[in-house]
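Chemist: Sharing my_file11.cif here; it has mmCIF, C-alpha atoms.
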```
data_entry
loop_
_atom_site.group_PDB
_atom_site.id
_atom_site.type_symbol
_atom_site.label_atom_id
_atom_site.label_comp_id
_atom_site.auth_asym_id
_atom_site.auth_seq_id
_atom_site.Cartn_x
_atom_site.Cartn_y
_atom_site.Cartn_z
ATOM 1 C CA MET A 196 93.454 72.980 16.939
ATOM 2 C CA LYS A 197 94.969 69.560 16.371
ATOM 3 C CA VAL A 198 94.304 66.607 14.107
ATOM 4 C CA LYS A 199 92.846 64.659 17.039
ATOM 5 C CA ASP A 200 90.213 67.362 17.623
ATOM 6 C CA VAL A 201 88.442 66.831 14.286
ATOM 7 C CA CYS A 202 89.451 63.436 12.870
ATOM 8 C CA LYS A 203 86.352 61.634 14.147
ATOM 9 C CA TRP A 204 83.805 64.147 12.822
ATOM 10 C CA ILE A 205 83.167 62.532 9.459
ATOM 11 C CA SER A 206 83.791 58.820 9.104
ATOM 12 C CA LEU A 207 84.851 58.045 5.585
ATOM 13 C CA LYS A 208 86.201 54.603 4.983
ATOM 14 C CA PRO A 209 89.506 55.028 3.209
ATOM 15 C CA ALA A 210 90.258 52.415 0.589
ATOM 16 C CA ALA A 211 93.315 50.284 1.260
ATOM 17 C CA VAL A 212 95.127 47.996 -1.162
ATOM 18 C CA SER A 213 98.281 45.901 -1.123
ATOM 19 C CA PRO A 214 101.344 47.001 -3.126
ATOM 20 C CA GLU A 215 100.764 44.231 -5.698
ATOM 21 C CA THR A 216 97.198 45.319 -6.526
ATOM 22 C CA PRO A 217 96.746 45.999 -10.274
ATOM 23 C CA ILE A 218 95.838 49.608 -11.149
ATOM 24 C CA GLU A 219 92.480 48.467 -12.544
ATOM 25 C CA LYS A 220 91.584 47.068 -9.131
ATOM 26 C CA VAL A 221 92.677 50.295 -7.444
ATOM 27 C CA ILE A 222 90.253 52.197 -9.675
ATOM 28 C CA GLU A 223 87.499 49.688 -8.933
ATOM 29 C CA LYS A 224 88.035 50.477 -5.239
ATOM 30 C CA VAL A 225 87.570 54.222 -5.646
ATOM 31 C CA VAL A 226 84.562 53.778 -7.902
ATOM 32 C CA GLU A 227 82.897 51.469 -5.368
ATOM 33 C CA ASP A 228 82.710 54.253 -2.791
ATOM 34 C CA PRO A 229 82.354 57.789 -4.194
ATOM 35 C CA THR A 230 83.342 59.342 -0.851
ATOM 36 C CA THR A 231 86.887 57.992 -1.301
ATOM 37 C CA ARG A 232 89.522 60.645 -1.886
ATOM 38 C CA SER A 233 92.690 58.574 -1.635
ATOM 39 C CA VAL A 234 93.751 54.954 -1.730
ATOM 40 C CA TYR A 235 96.271 53.855 0.887
ATOM 41 C CA VAL A 236 98.839 51.262 -0.092
ATOM 42 C CA VAL A 237 99.425 49.104 2.959
ATOM 43 C CA ALA A 238 101.620 46.091 3.715
ATOM 44 C CA ASN A 239 101.482 44.374 7.114
ATOM 45 C CA GLY A 240 99.569 47.316 8.590
ATOM 46 C CA LYS A 241 102.297 49.755 7.532
ATOM 47 C CA LEU A 242 101.626 52.598 5.116
ATOM 48 C CA MET A 243 103.782 52.259 1.999
ATOM 49 C CA GLY A 244 102.262 55.019 -0.147
ATOM 50 C CA VAL A 245 99.123 56.880 -1.190
ATOM 51 C CA ILE A 246 97.270 57.172 -4.487
ATOM 52 C CA PRO A 247 94.944 60.202 -4.559
ATOM 53 C CA ILE A 248 92.185 60.235 -7.179
ATOM 54 C CA SER A 249 93.787 63.304 -8.742
ATOM 55 C CA HIS A 250 96.908 61.183 -9.284
ATOM 56 C CA LEU A 251 94.887 58.351 -10.840
ATOM 57 C CA MET A 252 93.488 60.900 -13.288
ATOM 58 C CA ARG A 253 96.943 62.105 -14.296
ATOM 59 C CA ILE A 254 98.103 58.515 -14.730
ATOM 60 C CA THR A 255 95.042 57.844 -16.891
ATOM 61 C CA ALA A 256 95.688 60.929 -19.024
ATOM 62 C CA PHE A 257 99.290 59.871 -19.558
ATOM 63 C CA LYS A 258 98.530 56.213 -20.237
ATOM 64 C CA PHE A 259 95.683 56.723 -22.695
ATOM 65 C CA SER A 260 96.501 60.103 -24.235
ATOM 66 C CA GLY A 261 100.168 60.772 -23.533
ATOM 67 C CA ILE A 262 99.191 63.942 -21.668
ATOM 68 C CA LEU A 263 101.807 65.041 -19.153
ATOM 69 C CA PRO A 264 100.913 68.258 -17.318
ATOM 70 C CA GLU A 265 103.589 70.914 -16.825
ATOM 71 C CA HIS A 266 105.217 71.198 -13.397
ATOM 72 C CA ASP A 267 103.600 67.970 -12.370
ATOM 73 C CA GLU A 268 104.429 65.581 -9.581
ATOM 74 C CA LEU A 269 103.874 62.822 -12.112
ATOM 75 C CA LYS A 270 107.159 63.663 -13.821
ATOM 76 C CA LYS A 271 109.051 62.425 -10.786
ATOM 77 C CA HIS A 272 107.298 59.092 -11.103
ATOM 78 C CA ILE A 273 107.188 58.771 -14.834
ATOM 79 C CA LYS A 274 109.446 55.741 -15.037
ATOM 80 C CA SER A 275 106.942 53.739 -13.102
ATOM 81 C CA ILE A 276 103.973 54.527 -15.318
ATOM 82 C CA SER A 277 104.630 51.644 -17.678
ATOM 83 C CA ALA A 278 104.198 49.293 -14.769
ATOM 84 C CA ASN A 279 100.881 48.067 -13.542
ATOM 85 C CA THR A 280 100.537 47.817 -9.781
ATOM 86 C CA ALA A 281 99.681 50.111 -6.877
ATOM 87 C CA ALA A 282 103.344 50.079 -5.831
ATOM 88 C CA ASP A 283 104.358 51.314 -9.282
ATOM 89 C CA VAL A 284 102.219 54.438 -9.172
ATOM 90 C CA MET A 285 101.890 55.320 -5.490
ATOM 91 C CA LEU A 286 103.198 58.593 -4.110
ATOM 92 C CA PRO A 287 105.358 58.717 -0.985
ATOM 93 C CA PRO A 288 103.377 57.986 2.186
ATOM 94 C CA LEU A 289 102.069 61.392 3.263
ATOM 95 C CA GLN A 290 100.757 61.111 6.776
ATOM 96 C CA VAL A 291 99.832 63.031 9.928
ATOM 97 C CA HIS A 292 99.883 62.307 13.644
ATOM 98 C CA LEU A 293 97.088 62.903 16.164
ATOM 99 C CA GLU A 294 99.075 65.686 17.845
ATOM 100 C CA ASP A 295 99.887 67.566 14.627
ATOM 101 C CA ALA A 296 98.481 71.075 14.226
ATOM 102 C CA LEU A 297 95.467 71.181 11.924
ATOM 103 C CA GLU A 298 97.125 74.022 10.065
ATOM 104 C CA ASP A 299 100.059 71.772 9.157
ATOM 105 C CA ALA A 300 97.698 69.071 7.918
ATOM 106 C CA LEU A 301 95.864 71.637 5.767
ATOM 107 C CA LYS A 302 99.145 72.853 4.285
ATOM 108 C CA LEU A 303 100.260 69.267 3.588
ATOM 109 C CA MET A 304 97.004 68.574 1.727
ATOM 110 C CA ILE A 305 97.214 71.736 -0.362
ATOM 111 C CA ASP A 306 100.888 71.302 -1.240
ATOM 112 C CA ASN A 307 100.331 67.717 -2.347
ATOM 113 C CA ASN A 308 96.908 68.145 -3.864
ATOM 114 C CA VAL A 309 95.240 65.475 -1.722
ATOM 115 C CA GLN A 310 92.041 65.567 0.325
ATOM 116 C CA GLU A 311 92.582 62.688 2.681
ATOM 117 C CA LEU A 312 95.524 61.747 4.890
ATOM 118 C CA PRO A 313 96.169 58.663 6.986
ATOM 119 C CA ILE A 314 96.859 59.188 10.685
ATOM 120 C CA VAL A 315 99.701 57.012 11.947
ATOM 121 C CA ASP A 316 101.137 56.278 15.378
ATOM 122 C CA ASN A 317 104.824 56.518 16.188
ATOM 123 C CA ALA A 318 105.405 52.976 14.960
ATOM 124 C CA GLY A 319 103.972 53.912 11.535
ATOM 125 C CA ASN A 320 100.758 51.919 11.941
ATOM 126 C CA ILE A 321 97.602 53.475 10.494
ATOM 127 C CA ILE A 322 95.243 54.414 13.323
ATOM 128 C CA GLY A 323 92.847 56.775 11.596
ATOM 129 C CA ASP A 324 91.985 59.052 8.738
ATOM 130 C CA LEU A 325 91.732 62.819 8.288
ATOM 131 C CA ASN A 326 89.765 64.287 5.391
ATOM 132 C CA SER A 327 89.419 67.732 3.882
ATOM 133 C CA LEU A 328 85.846 68.146 5.142
ATOM 134 C CA GLU A 329 86.933 67.723 8.751
ATOM 135 C CA ILE A 330 89.610 70.365 8.250
ATOM 136 C CA LEU A 331 87.102 72.807 6.731
ATOM 137 C CA MET A 332 84.710 72.197 9.631
ATOM 138 C CA GLY A 333 87.479 72.753 12.154
ATOM 139 C CA PHE A 334 88.630 76.077 10.757
ATOM 140 C CA TRP A 335 85.130 77.390 10.084
ATOM 141 C CA GLU A 336 84.031 76.306 13.560
ATOM 142 C CA MET A 337 81.276 73.928 12.541
ATOM 143 C CA LYS A 338 81.670 71.792 15.594
ATOM 144 C CA LYS A 339 79.716 68.612 15.862
ATOM 145 C CA ASP A 340 77.825 68.192 19.104
ATOM 146 C CA GLY A 341 78.860 65.413 21.392
ATOM 147 C CA VAL A 342 82.348 65.014 19.986
ATOM 148 C CA MET B 765 84.338 58.250 -26.113
ATOM 149 C CA LYS B 766 82.208 61.274 -25.299
ATOM 150 C CA VAL B 767 80.887 62.910 -22.149
ATOM 151 C CA LYS B 768 77.391 61.597 -22.908
ATOM 152 C CA ASP B 769 78.659 57.994 -22.909
ATOM 153 C CA VAL B 770 79.631 57.980 -19.230
ATOM 154 C CA CYS B 771 77.867 60.875 -17.484
ATOM 155 C CA LYS B 772 75.000 58.747 -16.151
ATOM 156 C CA TRP B 773 77.166 55.996 -14.669
ATOM 157 C CA ILE B 774 77.520 57.425 -11.175
ATOM 158 C CA SER B 775 74.844 59.782 -9.922
ATOM 159 C CA LEU B 776 76.360 62.241 -7.529
ATOM 160 C CA LYS B 777 74.202 65.151 -6.559
ATOM 161 C CA PRO B 778 76.279 68.255 -7.118
ATOM 162 C CA ALA B 779 75.731 71.016 -4.592
ATOM 163 C CA ALA B 780 74.345 74.252 -6.004
ATOM 164 C CA VAL B 781 74.206 77.646 -4.317
ATOM 165 C CA SER B 782 73.202 81.160 -5.304
ATOM 166 C CA PRO B 783 75.898 83.835 -5.816
ATOM 167 C CA GLU B 784 74.893 85.566 -2.550
ATOM 168 C CA THR B 785 75.407 82.462 -0.383
ATOM 169 C CA PRO B 786 77.876 83.107 2.483
ATOM 170 C CA ILE B 787 81.063 80.996 2.351
ATOM 171 C CA GLU B 788 80.114 79.322 5.637
ATOM 172 C CA LYS B 789 76.919 78.032 4.007
ATOM 173 C CA VAL B 790 78.880 76.814 0.990
ATOM 174 C CA ILE B 791 81.067 74.766 3.320
ATOM 175 C CA GLU B 792 78.003 73.430 5.126
ATOM 176 C CA LYS B 793 76.770 72.195 1.745
ATOM 177 C CA VAL B 794 79.923 70.216 0.967
ATOM 178 C CA VAL B 795 80.076 68.782 4.473
ATOM 179 C CA GLU B 796 76.467 67.606 4.244
ATOM 180 C CA ASP B 797 77.286 65.242 1.396
ATOM 181 C CA PRO B 798 80.827 63.795 1.414
ATOM 182 C CA THR B 799 80.532 62.685 -2.219
ATOM 183 C CA THR B 800 80.485 66.344 -3.315
ATOM 184 C CA ARG B 801 83.573 67.444 -5.225
ATOM 185 C CA SER B 802 82.494 70.897 -6.395
ATOM 186 C CA VAL B 803 79.838 73.486 -5.611
ATOM 187 C CA TYR B 804 78.128 75.104 -8.564
ATOM 188 C CA VAL B 805 77.146 78.752 -8.290
ATOM 189 C CA VAL B 806 73.892 79.151 -10.176
ATOM 190 C CA ALA B 807 71.534 82.059 -10.854
ATOM 191 C CA ASN B 808 68.285 81.532 -12.767
ATOM 192 C CA GLY B 809 69.442 78.095 -13.911
ATOM 193 C CA LYS B 810 72.601 79.549 -15.455
ATOM 194 C CA LEU B 811 76.059 78.542 -14.253
ATOM 195 C CA MET B 812 77.965 81.539 -12.914
ATOM 196 C CA GLY B 813 81.010 79.798 -11.429
ATOM 197 C CA VAL B 814 82.348 76.743 -9.613
ATOM 198 C CA ILE B 815 83.943 76.259 -6.192
ATOM 199 C CA PRO B 816 85.904 72.994 -5.960
ATOM 200 C CA ILE B 817 86.698 71.673 -2.480
ATOM 201 C CA SER B 818 90.402 72.109 -3.244
ATOM 202 C CA HIS B 819 89.692 75.818 -3.760
ATOM 203 C CA LEU B 820 87.766 76.047 -0.468
ATOM 204 C CA MET B 821 90.826 74.594 1.245
ATOM 205 C CA ARG B 822 93.146 77.189 -0.262
ATOM 206 C CA ILE B 823 90.732 79.963 0.706
ATOM 207 C CA THR B 824 90.644 78.561 4.254
ATOM 208 C CA ALA B 825 94.447 78.399 4.447
ATOM 209 C CA PHE B 826 94.702 81.999 3.285
ATOM 210 C CA LYS B 827 91.923 83.327 5.505
ATOM 211 C CA PHE B 828 92.996 81.661 8.737
ATOM 212 C CA SER B 829 96.768 81.297 8.279
ATOM 213 C CA GLY B 830 97.777 83.712 5.547
ATOM 214 C CA ILE B 831 99.122 80.777 3.520
ATOM 215 C CA LEU B 832 99.266 81.503 -0.197
ATOM 216 C CA PRO B 833 100.689 78.627 -2.251
ATOM 217 C CA GLU B 834 103.178 79.408 -5.023
ATOM 218 C CA HIS B 835 101.936 79.358 -8.608
ATOM 219 C CA ASP B 836 98.398 79.182 -7.395
ATOM 220 C CA GLU B 837 95.151 79.955 -9.116
ATOM 221 C CA LEU B 838 94.145 81.695 -5.909
ATOM 222 C CA LYS B 839 96.508 84.575 -6.686
ATOM 223 C CA LYS B 840 94.312 85.599 -9.602
ATOM 224 C CA HIS B 841 91.364 85.878 -7.237
ATOM 225 C CA ILE B 842 93.093 87.268 -4.228
ATOM 226 C CA LYS B 843 91.279 90.580 -4.210
ATOM 227 C CA SER B 844 88.015 88.800 -3.615
ATOM 228 C CA ILE B 845 89.177 86.791 -0.624
ATOM 229 C CA SER B 846 88.271 89.492 1.875
ATOM 230 C CA ALA B 847 84.687 89.205 0.742
ATOM 231 C CA ASN B 848 82.261 86.647 2.016
ATOM 232 C CA THR B 849 79.951 85.159 -0.586
ATOM 233 C CA ALA B 850 80.045 82.374 -3.160
ATOM 234 C CA ALA B 851 80.308 84.972 -5.926
ATOM 235 C CA ASP B 852 83.398 86.445 -4.269
ATOM 236 C CA VAL B 853 85.371 83.212 -4.303
ATOM 237 C CA MET B 854 84.026 81.225 -7.247
ATOM 238 C CA LEU B 855 86.247 80.289 -10.179
ATOM 239 C CA PRO B 856 85.177 80.876 -13.778
ATOM 240 C CA PRO B 857 82.412 78.490 -14.870
ATOM 241 C CA LEU B 858 84.283 75.480 -16.181
ATOM 242 C CA GLN B 859 81.863 73.278 -18.059
ATOM 243 C CA VAL B 860 81.505 70.536 -20.648
ATOM 244 C CA HIS B 861 78.920 69.581 -23.269
ATOM 245 C CA LEU B 862 77.408 66.154 -23.909
ATOM 246 C CA GLU B 863 79.219 65.876 -27.245
ATOM 247 C CA ASP B 864 82.660 66.801 -25.893
ATOM 248 C CA ALA B 865 85.404 64.166 -26.078
ATOM 249 C CA LEU B 866 86.037 62.487 -22.733
ATOM 250 C CA GLU B 867 89.733 63.168 -23.227
ATOM 251 C CA ASP B 868 89.066 66.917 -23.311
ATOM 252 C CA ALA B 869 87.003 66.693 -20.110
ATOM 253 C CA LEU B 870 89.822 64.780 -18.399
ATOM 254 C CA LYS B 871 92.358 67.396 -19.470
ATOM 255 C CA LEU B 872 90.085 70.207 -18.256
ATOM 256 C CA MET B 873 89.771 68.551 -14.832
ATOM 257 C CA ILE B 874 93.513 67.989 -14.476
ATOM 258 C CA ASP B 875 94.471 71.480 -15.638
ATOM 259 C CA ASN B 876 92.033 73.089 -13.213
ATOM 260 C CA ASN B 877 92.406 70.638 -10.367
ATOM 261 C CA VAL B 878 88.705 69.783 -10.156
ATOM 262 C CA GLN B 879 86.946 66.414 -10.032
ATOM 263 C CA GLU B 880 83.469 67.368 -11.093
ATOM 264 C CA LEU B 881 82.189 69.419 -14.029
ATOM 265 C CA PRO B 882 78.710 70.628 -14.898
ATOM 266 C CA ILE B 883 77.310 69.639 -18.272
ATOM 267 C CA VAL B 884 75.511 72.513 -20.003
ATOM 268 C CA ASP B 885 73.402 72.798 -23.130
ATOM 269 C CA ASN B 886 74.018 75.397 -25.835
ATOM 270 C CA ALA B 887 71.930 77.951 -23.939
ATOM 271 C CA GLY B 888 74.181 77.567 -20.887
ATOM 272 C CA ASN B 889 71.619 75.742 -18.760
ATOM 273 C CA ILE B 890 72.930 72.969 -16.528
ATOM 274 C CA ILE B 891 71.635 69.624 -17.751
ATOM 275 C CA GLY B 892 73.935 67.177 -15.968
ATOM 276 C CA ASP B 893 77.119 66.437 -14.132
ATOM 277 C CA LEU B 894 80.350 64.639 -14.985
ATOM 278 C CA ASN B 895 82.639 63.392 -12.228
ATOM 279 C CA SER B 896 86.181 62.032 -12.103
ATOM 280 C CA LEU B 897 85.022 58.496 -11.295
ATOM 281 C CA GLU B 898 82.967 58.301 -14.495
ATOM 282 C CA ILE B 899 86.002 59.419 -16.482
ATOM 283 C CA LEU B 900 88.219 56.780 -14.844
ATOM 284 C CA MET B 901 85.608 54.101 -15.550
ATOM 285 C CA GLY B 902 85.338 55.204 -19.161
ATOM 286 C CA PHE B 903 89.051 55.071 -19.907
ATOM 287 C CA TRP B 904 89.676 51.861 -17.986
ATOM 288 C CA GLU B 905 86.653 50.245 -19.653
ATOM 289 C CA MET B 906 84.654 49.496 -16.540
ATOM 290 C CA LYS B 907 81.353 49.735 -18.319
ATOM 291 C CA LYS B 908 78.182 49.526 -16.342
ATOM 292 C CA ASP B 909 75.651 47.018 -17.634
ATOM 293 C CA GLY B 910 72.394 48.353 -18.908
ATOM 294 C CA VAL B 911 73.596 51.873 -19.555
#
```
Could I get this structure in the form of structure tokens?

Modeler:
Amino acid sequence: MKVKDVCKWISLKPAAVSPETPIEKVIEKVVEDPTTRSVYVVANGKLMGVIPISHLMRITAFKFSGILPEHDELKKHIKSISANTAADVMLPPLQVHLEDALEDALKLMIDNNVQELPIVDNAGNIIGDLNSLEILMGFWEMKKDGV
Amino acid sequence: MKVKDVCKWISLKPAAVSPETPIEKVIEKVVEDPTTRSVYVVANGKLMGVIPISHLMRITAFKFSGILPEHDELKKHIKSISANTAADVMLPPLQVHLEDALEDALKLMIDNNVQELPIVDNAGNIIGDLNSLEILMGFWEMKKDGV
């Protein structure tokens, strides 16, 4: 099964922000729509980075309580935490293509602790969105009729 | 700030299942409502365990592809993976109390990679729900009016 086989099953509207967006505004975006799992940082239609909610929580814990989890991805980005924009805290732009195997997308999500991935074309433009629920449905064979 | 100060800000309806529920039905529950972040396993009003979506994804990766991430919580539960019910795959019942510090709830979520926690009273009965968005709002001072 491929990404293209399931990526239209559940339409979530991923939040997108520009690199200059203040972190407070990024959080406002995810709070506005509780189905959001990741914020995409986009400039001129190109994906620059992603900010999963789990990452926002680690940033919050570090900023307000100085908590830095062991073995955490955050350590790689720690120098940027004192800064204040989406670009300062985003993770590298994880992404999938329509023709990717669903298994690879699942592994990418687990390894990076995210539940939503942008789908990009060969030019790097965002053309869709794959979420964890679609992957679960695909593997557990909960096909939607008429898709 | 305490759990009770923010836990009514965003009403998500956490999914609850009985311990005997087949895994397929658990996944149907989370797919039904894309705001769901965790499934609570409940018997007679008492919390027996939790199944975060991130855990369902790791179970799926193991079941269908034999993928077992390094350093993963799943390893502790691996003997139960061949079984088929909510009770077989649930994690220990993470929970918070109304009087707990919000900082402790945030740390608990990060350490266990979950984004939703049941609130229980001293008798262990579920009386509410705390989600990651409420915690973000609390720390970043996005207070809701009239709460």

Chemist: Given all atoms listed in the file as the basis, pick out the residue of A:Cys202, A:Met285, A:Ile248, A:Ala210 nearest to chain B.

Modeler: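 Going through A:Cys202, A:Met285, A:Ile248, A:Ala210 one by one, the smallest distance to chain B is for A:Ile248.
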
Chemist: Present chain A as a tab-separated table (two decimals) with C-alpha atoms, in the frame of the given file, least-squares fitted onto chain B over all of its C-alpha atoms paired in order.

Modeler:
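The file below, selection-v5.tsv, is the result:
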```
chain	number	residue	atom	x	y	z
A	196	MET	CA	84.32	58.23	-26.12
A	197	LYS	CA	82.21	61.25	-25.29
A	198	VAL	CA	80.88	62.89	-22.15
A	199	LYS	CA	77.39	61.58	-22.92
A	200	ASP	CA	78.65	57.98	-22.91
A	201	VAL	CA	79.61	57.97	-19.21
A	202	CYS	CA	77.86	60.88	-17.47
A	203	LYS	CA	75.00	58.75	-16.14
A	204	TRP	CA	77.16	55.98	-14.65
A	205	ILE	CA	77.51	57.41	-11.16
A	206	SER	CA	74.84	59.77	-9.91
A	207	LEU	CA	76.35	62.24	-7.51
A	208	LYS	CA	74.20	65.15	-6.56
A	209	PRO	CA	76.26	68.26	-7.13
A	210	ALA	CA	75.73	71.02	-4.60
A	211	ALA	CA	74.34	74.25	-6.01
A	212	VAL	CA	74.21	77.65	-4.32
A	213	SER	CA	73.22	81.17	-5.30
A	214	PRO	CA	75.90	83.85	-5.81
A	215	GLU	CA	74.91	85.58	-2.55
A	216	THR	CA	75.41	82.48	-0.38
A	217	PRO	CA	77.88	83.12	2.48
A	218	ILE	CA	81.06	81.01	2.36
A	219	GLU	CA	80.12	79.32	5.64
A	220	LYS	CA	76.94	78.03	4.01
A	221	VAL	CA	78.90	76.82	0.99
A	222	ILE	CA	81.08	74.76	3.32
A	223	GLU	CA	78.01	73.43	5.13
A	224	LYS	CA	76.78	72.19	1.73
A	225	VAL	CA	79.93	70.21	0.97
A	226	VAL	CA	80.09	68.78	4.47
A	227	GLU	CA	76.47	67.61	4.25
A	228	ASP	CA	77.30	65.24	1.39
A	229	PRO	CA	80.84	63.80	1.40
A	230	THR	CA	80.52	62.70	-2.24
A	231	THR	CA	80.49	66.36	-3.32
A	232	ARG	CA	83.56	67.46	-5.24
A	233	SER	CA	82.48	70.91	-6.40
A	234	VAL	CA	79.84	73.49	-5.61
A	235	TYR	CA	78.12	75.12	-8.58
A	236	VAL	CA	77.14	78.75	-8.29
A	237	VAL	CA	73.88	79.15	-10.18
A	238	ALA	CA	71.54	82.07	-10.87
A	239	ASN	CA	68.28	81.55	-12.78
A	240	GLY	CA	69.43	78.11	-13.92
A	241	LYS	CA	72.61	79.56	-15.45
A	242	LEU	CA	76.06	78.55	-14.25
A	243	MET	CA	77.96	81.56	-12.91
A	244	GLY	CA	81.00	79.80	-11.43
A	245	VAL	CA	82.35	76.75	-9.60
A	246	ILE	CA	83.93	76.29	-6.19
A	247	PRO	CA	85.89	73.01	-5.96
A	248	ILE	CA	86.69	71.69	-2.48
A	249	SER	CA	90.39	72.11	-3.24
A	250	HIS	CA	89.69	75.82	-3.75
A	251	LEU	CA	87.76	76.06	-0.47
A	252	MET	CA	90.82	74.60	1.25
A	253	ARG	CA	93.14	77.20	-0.27
A	254	ILE	CA	90.73	79.96	0.72
A	255	THR	CA	90.65	78.56	4.25
A	256	ALA	CA	94.44	78.40	4.44
A	257	PHE	CA	94.71	82.01	3.29
A	258	LYS	CA	91.93	83.34	5.51
A	259	PHE	CA	93.01	81.66	8.74
A	260	SER	CA	96.77	81.29	8.28
A	261	GLY	CA	97.78	83.71	5.53
A	262	ILE	CA	99.12	80.78	3.51
A	263	LEU	CA	99.26	81.49	-0.21
A	264	PRO	CA	100.67	78.62	-2.28
A	265	GLU	CA	103.17	79.37	-5.04
A	266	HIS	CA	101.93	79.35	-8.63
A	267	ASP	CA	98.39	79.18	-7.40
A	268	GLU	CA	95.14	79.97	-9.13
A	269	LEU	CA	94.14	81.71	-5.92
A	270	LYS	CA	96.50	84.58	-6.68
A	271	LYS	CA	94.30	85.62	-9.58
A	272	HIS	CA	91.37	85.86	-7.21
A	273	ILE	CA	93.09	87.25	-4.19
A	274	LYS	CA	91.26	90.56	-4.17
A	275	SER	CA	88.02	88.78	-3.59
A	276	ILE	CA	89.17	86.79	-0.58
A	277	SER	CA	88.26	89.50	1.89
A	278	ALA	CA	84.69	89.22	0.74
A	279	ASN	CA	82.27	86.67	2.02
A	280	THR	CA	79.96	85.17	-0.58
A	281	ALA	CA	80.06	82.38	-3.15
A	282	ALA	CA	80.31	84.99	-5.91
A	283	ASP	CA	83.40	86.46	-4.26
A	284	VAL	CA	85.38	83.23	-4.30
A	285	MET	CA	84.04	81.25	-7.25
A	286	LEU	CA	86.25	80.29	-10.17
A	287	PRO	CA	85.16	80.88	-13.77
A	288	PRO	CA	82.41	78.49	-14.86
A	289	LEU	CA	84.29	75.46	-16.19
A	290	GLN	CA	81.86	73.28	-18.07
A	291	VAL	CA	81.51	70.52	-20.66
A	292	HIS	CA	78.93	69.58	-23.28
A	293	LEU	CA	77.41	66.15	-23.91
A	294	GLU	CA	79.22	65.86	-27.25
A	295	ASP	CA	82.66	66.79	-25.90
A	296	ALA	CA	85.40	64.15	-26.08
A	297	LEU	CA	86.03	62.48	-22.73
A	298	GLU	CA	89.72	63.16	-23.21
A	299	ASP	CA	89.06	66.90	-23.30
A	300	ALA	CA	86.99	66.69	-20.12
A	301	LEU	CA	89.81	64.77	-18.40
A	302	LYS	CA	92.35	67.39	-19.47
A	303	LEU	CA	90.07	70.21	-18.26
A	304	MET	CA	89.77	68.55	-14.84
A	305	ILE	CA	93.50	67.99	-14.48
A	306	ASP	CA	94.47	71.48	-15.63
A	307	ASN	CA	92.03	73.09	-13.21
A	308	ASN	CA	92.41	70.66	-10.36
A	309	VAL	CA	88.71	69.79	-10.16
A	310	GLN	CA	86.94	66.43	-10.03
A	311	GLU	CA	83.46	67.37	-11.10
A	312	LEU	CA	82.19	69.41	-14.04
A	313	PRO	CA	78.71	70.63	-14.89
A	314	ILE	CA	77.30	69.64	-18.28
A	315	VAL	CA	75.51	72.51	-20.00
A	316	ASP	CA	73.40	72.80	-23.14
A	317	ASN	CA	74.01	75.39	-25.83
A	318	ALA	CA	71.93	77.94	-23.94
A	319	GLY	CA	74.21	77.56	-20.89
A	320	ASN	CA	71.63	75.74	-18.76
A	321	ILE	CA	72.94	72.97	-16.51
A	322	ILE	CA	71.64	69.62	-17.73
A	323	GLY	CA	73.93	67.19	-15.96
A	324	ASP	CA	77.12	66.44	-14.12
A	325	LEU	CA	80.35	64.64	-14.98
A	326	ASN	CA	82.65	63.38	-12.22
A	327	SER	CA	86.17	62.03	-12.11
A	328	LEU	CA	85.01	58.50	-11.29
A	329	GLU	CA	82.97	58.30	-14.49
A	330	ILE	CA	86.00	59.41	-16.48
A	331	LEU	CA	88.22	56.78	-14.84
A	332	MET	CA	85.61	54.10	-15.55
A	333	GLY	CA	85.34	55.19	-19.17
A	334	PHE	CA	89.05	55.07	-19.90
A	335	TRP	CA	89.67	51.86	-17.97
A	336	GLU	CA	86.67	50.24	-19.65
A	337	MET	CA	84.65	49.47	-16.54
A	338	LYS	CA	81.37	49.71	-18.33
A	339	LYS	CA	78.20	49.51	-16.35
A	340	ASP	CA	75.67	47.02	-17.66
A	341	GLY	CA	72.43	48.35	-18.98
A	342	VAL	CA	73.67	51.86	-19.64
```

Chemist: Can you tell me which residues surround segment 798-803 of chain B at a distance of at most 7 Å, considering all atoms listed in the file, apart from same-chain residues fewer than 3 positions away, and format the answer as a ChimeraX atom specification?

Modeler: /A:229-230 /B:776,778-780,794-795,814-817,879-880

Chemist: For a cutoff of 7 Å around the file-coordinate point (105.5, 58.0, 0.5), which residues qualify once you count all atoms listed in the file? I'd like the result as JSON, numbers by chain.

Modeler: {"A": [243, 244, 245, 286, 287, 288, 289]}

Chemist: If the PyMOL selection byres ((chain A) within 8 of (chain B)) is run on the structure shown, which residues does it catch, given as a short mmCIF file (atom, residue, chain, number, x, y, z; two decimals) with C-alpha atoms, in the coordinates of the input?

Modeler:
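Generated output (result.cif):
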```
data_model
loop_
_atom_site.label_atom_id
_atom_site.label_comp_id
_atom_site.auth_asym_id
_atom_site.auth_seq_id
_atom_site.Cartn_x
_atom_site.Cartn_y
_atom_site.Cartn_z
CA GLU A 219 92.48 48.47 -12.54
CA ILE A 222 90.25 52.20 -9.68
CA VAL A 225 87.57 54.22 -5.65
CA VAL A 226 84.56 53.78 -7.90
CA PRO A 229 82.35 57.79 -4.19
CA THR A 230 83.34 59.34 -0.85
CA THR A 231 86.89 57.99 -1.30
CA ILE A 248 92.18 60.24 -7.18
CA SER A 249 93.79 63.30 -8.74
CA LEU A 251 94.89 58.35 -10.84
CA MET A 252 93.49 60.90 -13.29
CA ARG A 253 96.94 62.10 -14.30
CA THR A 255 95.04 57.84 -16.89
CA ALA A 256 95.69 60.93 -19.02
CA PHE A 259 95.68 56.72 -22.70
CA SER A 260 96.50 60.10 -24.24
CA ILE A 262 99.19 63.94 -21.67
CA PRO A 264 100.91 68.26 -17.32
CA GLU A 298 97.12 74.02 10.06
CA LEU A 301 95.86 71.64 5.77
CA LYS A 302 99.14 72.85 4.28
CA ILE A 305 97.21 71.74 -0.36
CA ASP A 306 100.89 71.30 -1.24
CA ASN A 308 96.91 68.14 -3.86
CA GLN A 310 92.04 65.57 0.32
CA SER A 327 89.42 67.73 3.88
CA LEU A 328 85.85 68.15 5.14
CA LEU A 331 87.10 72.81 6.73
CA MET A 332 84.71 72.20 9.63
CA PHE A 334 88.63 76.08 10.76
CA TRP A 335 85.13 77.39 10.08
#
```
